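Read the structure below first, then the notes.
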Amino acid sequence: MNKIRVRFAPSPTGVLHIGSVRTALFNWLFARHNDGKFLLRIEDTDKLRSTEENTRSIFEILRWLEIDWDEEPVIQSGNIERHKAVAEELVTKGKAYYCYCSPEELAAKKEEALKAGKSYKYDGKCRGCSEKIAGTNPVIRLKAENEGKTTVNDMVQGEVTIDNSQMDDLVLLRSDETPTYMLSVVVDDHDMGVTHVIRGDDHLTNTFRQIQIYRACNWDVPKFGHIPLIYGPDGTKLSKRHGAASAQDYKMLGYLPEAISNYLLRLGWSHGDDEIITRKQAIDWFDFDNVGRSPSRFDMAKLQNLNAHYMRERDNRSLLDYLRPFLHSELSAEQERCILAGMDSLKERAKTILELVDAAQVYVGAPQTYDDACLKYATPQHMKLLDEVVTIVNSVQSLDEQDLCNRVKELAKDHGIKLVEIAQAIRGALCGHLVSPSVFEIMAILGREKTLERLNAYIRHYQK
RNA sequence: GUCUCCUUCGUCUAGGGGUCUAGGACACCGCCCUUUCACGGCGACAACACGGGUUCAAAUCCCGUAGGAGACGCCA
């Protein structure tokens with residue numbers, strides 16, 4: 001029995017689109033589920049737009065998402081001679097031919113066809129040319145079958161049939177003797193022993209062209225699975241202008257890889273009512289029967305929700321390591337101690353690492369400014385209360401969250417006011433704004449010295 | 001324009017002829033918890049695109065219509 005072999009074949013002409021990441025994930029899950037191989041191929045034949053840096057970032061982001069590959073990645077540009085040889089062989093076998101039509105000539109015909117309201121298709125003028133005339137630069141075109149119909153049994157889309165009269169004599173080899181994408185994919189997929197081609201929906205119609213190449217070469221045609229594209233909230237293809245479209249973008253926005261994976265998996269695939277799905281479950285459950293055929297829209301709010309979930313699930317130490325690169329400076333041992341101590345409460349309030357970074361500022365340093373909202377808790381009466389809080393902080397033996405809470409509650413009671421009045425004033429002093437974990441927890445973590453500094457600074461600031 | 005695909009709550013989806021007065025999740029709204037914000041708990045709102053068939057019975061099958069998307073390169 002032949003083992004399943006799938007591949008992910010990005011072109012390094014930019015960063016990885018989030019839709020490509022999903023394609024990679026589906027390929028990977030399919031391979032792992034079936035105990036097959038997941039291969040990588042870098043389609044760098046567009047030399048002008050492909051860069052080393054993009055290739056590196058693709059590897060990096062896949063590793064980050066824990067999508068590992070099984071064999072040495074294939075670099076497509078290394079196979080150009082092979083592609084060329086295949087094209088020439090097809091000419092000798094009478095399956096392809098040299099075409100001497102100039103681009104201008106073709107453009108004119110195309111325009112004419114368009115004007116007449118007809119769809120353009122190469123007219124096959126050079127179909128008889130099996131010889132290469134010395135000193136010329138013809139392209140090689142495939143002699144497409146245009147009788148009958150071709151049906152693909154797609155793993156996602158089901159049976160798709162096209163009339164072969166639609167088929168075009170596509171270019172296999174350009175006039176500069178470089179292979180076209182159509183030729184390269186087919187040859188490489190064949191040479192790599194790819195059994196299942198899983199890719200974006202946008203390739204569905206290309207599939208029929210590629211099948212023709214497989215047939216001309218007399219090669220086994222792999223199975224195909226075309227997964228629907230991901231759209232933005234407005235229903236058009238997700239792109240940069242929707243805010244973030246690449247995996248890198250989401251990484252920088254502070255999303256965890258496991259959240260992105262989980263979200264992408266559920267976008268277009270389902271397993272009953274399950275929403276939170278571990279890697280292991282994903283591998284166990286993944287199959288193409290449950291991949292939807294309709295395109296889906298990217299929903300940032302749901303991603304955030306999942307991210308919040310996975311942040312709460314992460315242990316505090318790993319979260320601390322995670323937020324380091326987002327910080328402006330190195331953390332001191334003391335700052336680390338505080339953040340770690342307060343992490344349980346911090347992570348519960350953050351949906352992204354970026355938000356966690358903001359929330360952690362309480363433990364990085366004293367507030368530089370105070371939000372206007374603090375004004376509400378900066379009246380002379382509040383200052384008097386804070387003076388008493390200072391007294392409490394000075395008088396207790398050590399700062400304990402529960403103990404502080406009890407004492408301040410007592411204080412509120414004595415003054416006949418609600419706890420919130422004092423708590424918010426303290427919060428303003430500690431954080432510079434009015435949203436944070438428990439102020440008593442913060443005081444206990446910060447310790448007496450820093451707590452007093454911040455309380456006094458606040459009092460001084462508003463007493464002027 | 002031609003070809004191909006798609007169409008269940010705002011969004012992601014469950015559903016594969018009767019168990020659907022259509023289930024879950026996110027978002028939104030309300031309540032509870034509460035020192036703020038979150039978390040958590042409870043609840044509300046909310047969908048089978050439309051029109052024809054087939055059938056005792058259709059969200060589920062068939063055919064149209066409309067809308068959306070993708071492909072039509074010597075880009076990948």
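Going by the structure tokens order, chains are called A, B, ..., each with residues numbered from 1, while ligands are numbered from 1 in the order shown.
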Taking only C-alpha atoms (C1' of nucleotides) into account and nothing else, which residues of chain A lie no more than 7 Å away from chain B? Please answer as a ChimeraX atom specification. /A:11,117-119,171,174-175,181,202,205,267,272-273,275,293-294,299,301-302,348-349,419-420,423-424,434-436
Write out as a VMD selection string each polymer residue whose atoms come within 12 Å of Gly158 (chain A), counting only C-alpha atoms (C1' of nucleotides); drop sequence neighbours fewer than 2 positions from it. (chain A and resid 151 to 156 160 to 161 204 223 to 227 288 to 289 291 to 293) or (chain B and resid 5)
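If you measure from each of B:C63, B:A22, B:C29, B:A58 to G43 (chain B) using only C-alpha atoms (C1' of nucleotides), the closest one turns out to be B:C29.
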Write out as a list in words the residues lying within 12 Å of G51 (chain B), counting only C-alpha atoms (C1' of nucleotides) and excluding same-chain residues fewer than 4 positions away. C63, G64, U65 and A66 of chain B
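Proximity of A:Tyr377, A:Ser398, A:Leu446, A:Leu385 to Val364 (chain A), computed with only C-alpha atoms, is greatest for A:Leu446.
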Got a sec to tell me which of region 208-431 of chain A DSSP assigns to alpha helix (DSSP H), as number ranges by chain? A: 208-217, 247-252, 257-266, 279-285, 300-313, 316-323, 333-349, 353-364, 380-395, 401-415, 419-431
Could you find all residues in region 126-347 of chain A that DSSP calls strand (DSSP E) from the backbone, and write them as a ChimeraX atom specification? /A:139-142,149-154,158-163,171-173,196-200,223-227,230-231,296-297
Long-range neighbours of Leu170 (chain A) as a ChimeraX atom specification, 12 Å cut-off, only C-alpha atoms (C1' of nucleotides), 2 positions minimum in chain: /A:87,95-99,121-124,127,139-145,166-168,172-174,179-183,206,208-210,212-213 /B:72-74
With C-alpha atoms (C1' of nucleotides) kept, could you save the residues just selected as a compact mmCIF listing (two decimals), in the first residue's frame?
# COMPACT_ATOMS: atom_id res chain seq x y z
CA ALA A 87 8.65 19.85 -21.87
CA LYS A 95 2.09 15.97 -26.97
CA ALA A 96 3.39 19.49 -27.16
CA TYR A 97 4.70 21.89 -29.79
CA TYR A 98 6.75 24.98 -30.38
CA CYS A 99 4.75 28.14 -30.70
CA LYS A 121 -8.38 30.84 -25.98
CA TYR A 122 -5.20 30.26 -27.93
CA ASP A 123 -6.21 29.24 -31.45
CA GLY A 124 -3.62 26.51 -31.88
CA ARG A 127 0.08 23.10 -33.34
CA VAL A 139 7.53 28.76 -26.24
CA ILE A 140 6.42 25.18 -25.80
CA ARG A 141 2.70 24.67 -25.59
CA LEU A 142 0.80 21.60 -24.48
CA LYS A 143 -1.41 20.05 -27.12
CA ALA A 144 -4.51 19.99 -24.96
CA GLU A 145 -7.23 17.44 -25.45
CA GLN A 166 -12.61 24.92 -22.47
CA MET A 167 -9.06 23.72 -22.40
CA ASP A 168 -6.33 25.92 -23.68
CA LEU A 172 4.82 24.82 -20.57
CA LEU A 173 8.15 26.44 -21.32
CA ARG A 174 8.64 30.15 -21.75
CA PRO A 179 9.19 26.42 -17.00
CA THR A 180 5.79 27.85 -16.17
CA TYR A 181 4.09 27.19 -12.87
CA MET A 182 1.75 24.62 -14.43
CA LEU A 183 4.62 22.49 -15.65
CA ASN A 206 -5.97 24.94 -12.76
CA PHE A 208 -7.90 20.48 -15.13
CA ARG A 209 -4.94 21.95 -16.95
CA GLN A 210 -2.58 20.06 -14.72
CA GLN A 212 -3.79 17.25 -18.95
CA ILE A 213 -0.08 17.51 -18.29
C1' C B 72 -9.62 32.47 -17.54
C1' G B 73 -0.99 35.12 -18.20
C1' C B 74 5.40 33.43 -21.43
Might you pull out every residue within 10 Å of Ile277 (chain A), with only C-alpha atoms (C1' of nucleotides) counted and same-chain residues fewer than 6 positions away left off, and present them as a PDB file with N, CA, C and O atoms, in the first residue's frame?
ATOM      1  N   GLU A 258      -0.923  28.111  19.261  1.00  0.00           N
ATOM      2  CA  GLU A 258      -1.973  27.104  19.451  1.00  0.00           C
ATOM      3  C   GLU A 258      -3.359  27.707  19.242  1.00  0.00           C
ATOM      4  O   GLU A 258      -4.284  27.015  18.808  1.00  0.00           O
ATOM      5  N   ALA A 259      -3.493  29.006  19.520  1.00  0.00           N
ATOM      6  CA  ALA A 259      -4.782  29.661  19.293  1.00  0.00           C
ATOM      7  C   ALA A 259      -5.027  29.811  17.798  1.00  0.00           C
ATOM      8  O   ALA A 259      -6.134  29.569  17.309  1.00  0.00           O
ATOM      9  N   SER A 261      -3.756  27.999  15.395  1.00  0.00           N
ATOM     10  CA  SER A 261      -4.016  26.666  14.834  1.00  0.00           C
ATOM     11  C   SER A 261      -5.451  26.231  15.084  1.00  0.00           C
ATOM     12  O   SER A 261      -6.145  25.774  14.184  1.00  0.00           O
ATOM     13  N   ASN A 262      -5.863  26.371  16.313  1.00  0.00           N
ATOM     14  CA  ASN A 262      -7.210  25.957  16.683  1.00  0.00           C
ATOM     15  C   ASN A 262      -8.249  26.748  15.896  1.00  0.00           C
ATOM     16  O   ASN A 262      -9.208  26.187  15.357  1.00  0.00           O
ATOM     17  N   TYR A 263      -8.012  28.043  15.793  1.00  0.00           N
ATOM     18  CA  TYR A 263      -8.958  28.884  15.072  1.00  0.00           C
ATOM     19  C   TYR A 263      -9.027  28.503  13.595  1.00  0.00           C
ATOM     20  O   TYR A 263     -10.112  28.313  13.034  1.00  0.00           O
ATOM     21  N   LEU A 265      -8.209  25.771  12.199  1.00  0.00           N
ATOM     22  CA  LEU A 265      -8.762  24.427  12.019  1.00  0.00           C
ATOM     23  C   LEU A 265     -10.285  24.480  11.995  1.00  0.00           C
ATOM     24  O   LEU A 265     -10.935  23.864  11.146  1.00  0.00           O
ATOM     25  N   ARG A 266     -10.856  25.254  12.898  1.00  0.00           N
ATOM     26  CA  ARG A 266     -12.312  25.337  12.995  1.00  0.00           C
ATOM     27  C   ARG A 266     -12.931  26.167  11.872  1.00  0.00           C
ATOM     28  O   ARG A 266     -14.128  26.131  11.652  1.00  0.00           O
ATOM     29  N   HIS A 271     -15.945  19.310  14.053  1.00  0.00           N
ATOM     30  CA  HIS A 271     -16.076  17.988  14.653  1.00  0.00           C
ATOM     31  C   HIS A 271     -17.184  18.117  15.682  1.00  0.00           C
ATOM     32  O   HIS A 271     -16.934  18.385  16.850  1.00  0.00           O
ATOM     33  N   ILE A 283      -5.281  15.742  15.202  1.00  0.00           N
ATOM     34  CA  ILE A 283      -4.690  14.674  14.392  1.00  0.00           C
ATOM     35  C   ILE A 283      -5.617  13.458  14.365  1.00  0.00           C
ATOM     36  O   ILE A 283      -5.847  12.859  13.322  1.00  0.00           O
ATOM     37  N   TRP A 285      -8.823  13.377  14.757  1.00  0.00           N
ATOM     38  CA  TRP A 285     -10.145  13.609  14.177  1.00  0.00           C
ATOM     39  C   TRP A 285     -10.136  14.105  12.741  1.00  0.00           C
ATOM     40  O   TRP A 285     -11.142  14.020  12.041  1.00  0.00           O
TER      41      TRP A 285
END
To one decimal place in Å, what is the distance between CA of Gly193 (chain A) and CA of Pro228 (chain A)? 24.7 Å
Could you jot down the CA of Pro12 (chain A) to CA of His33 (chain A) separation for me, Å, one decimal place? 27.5 Å
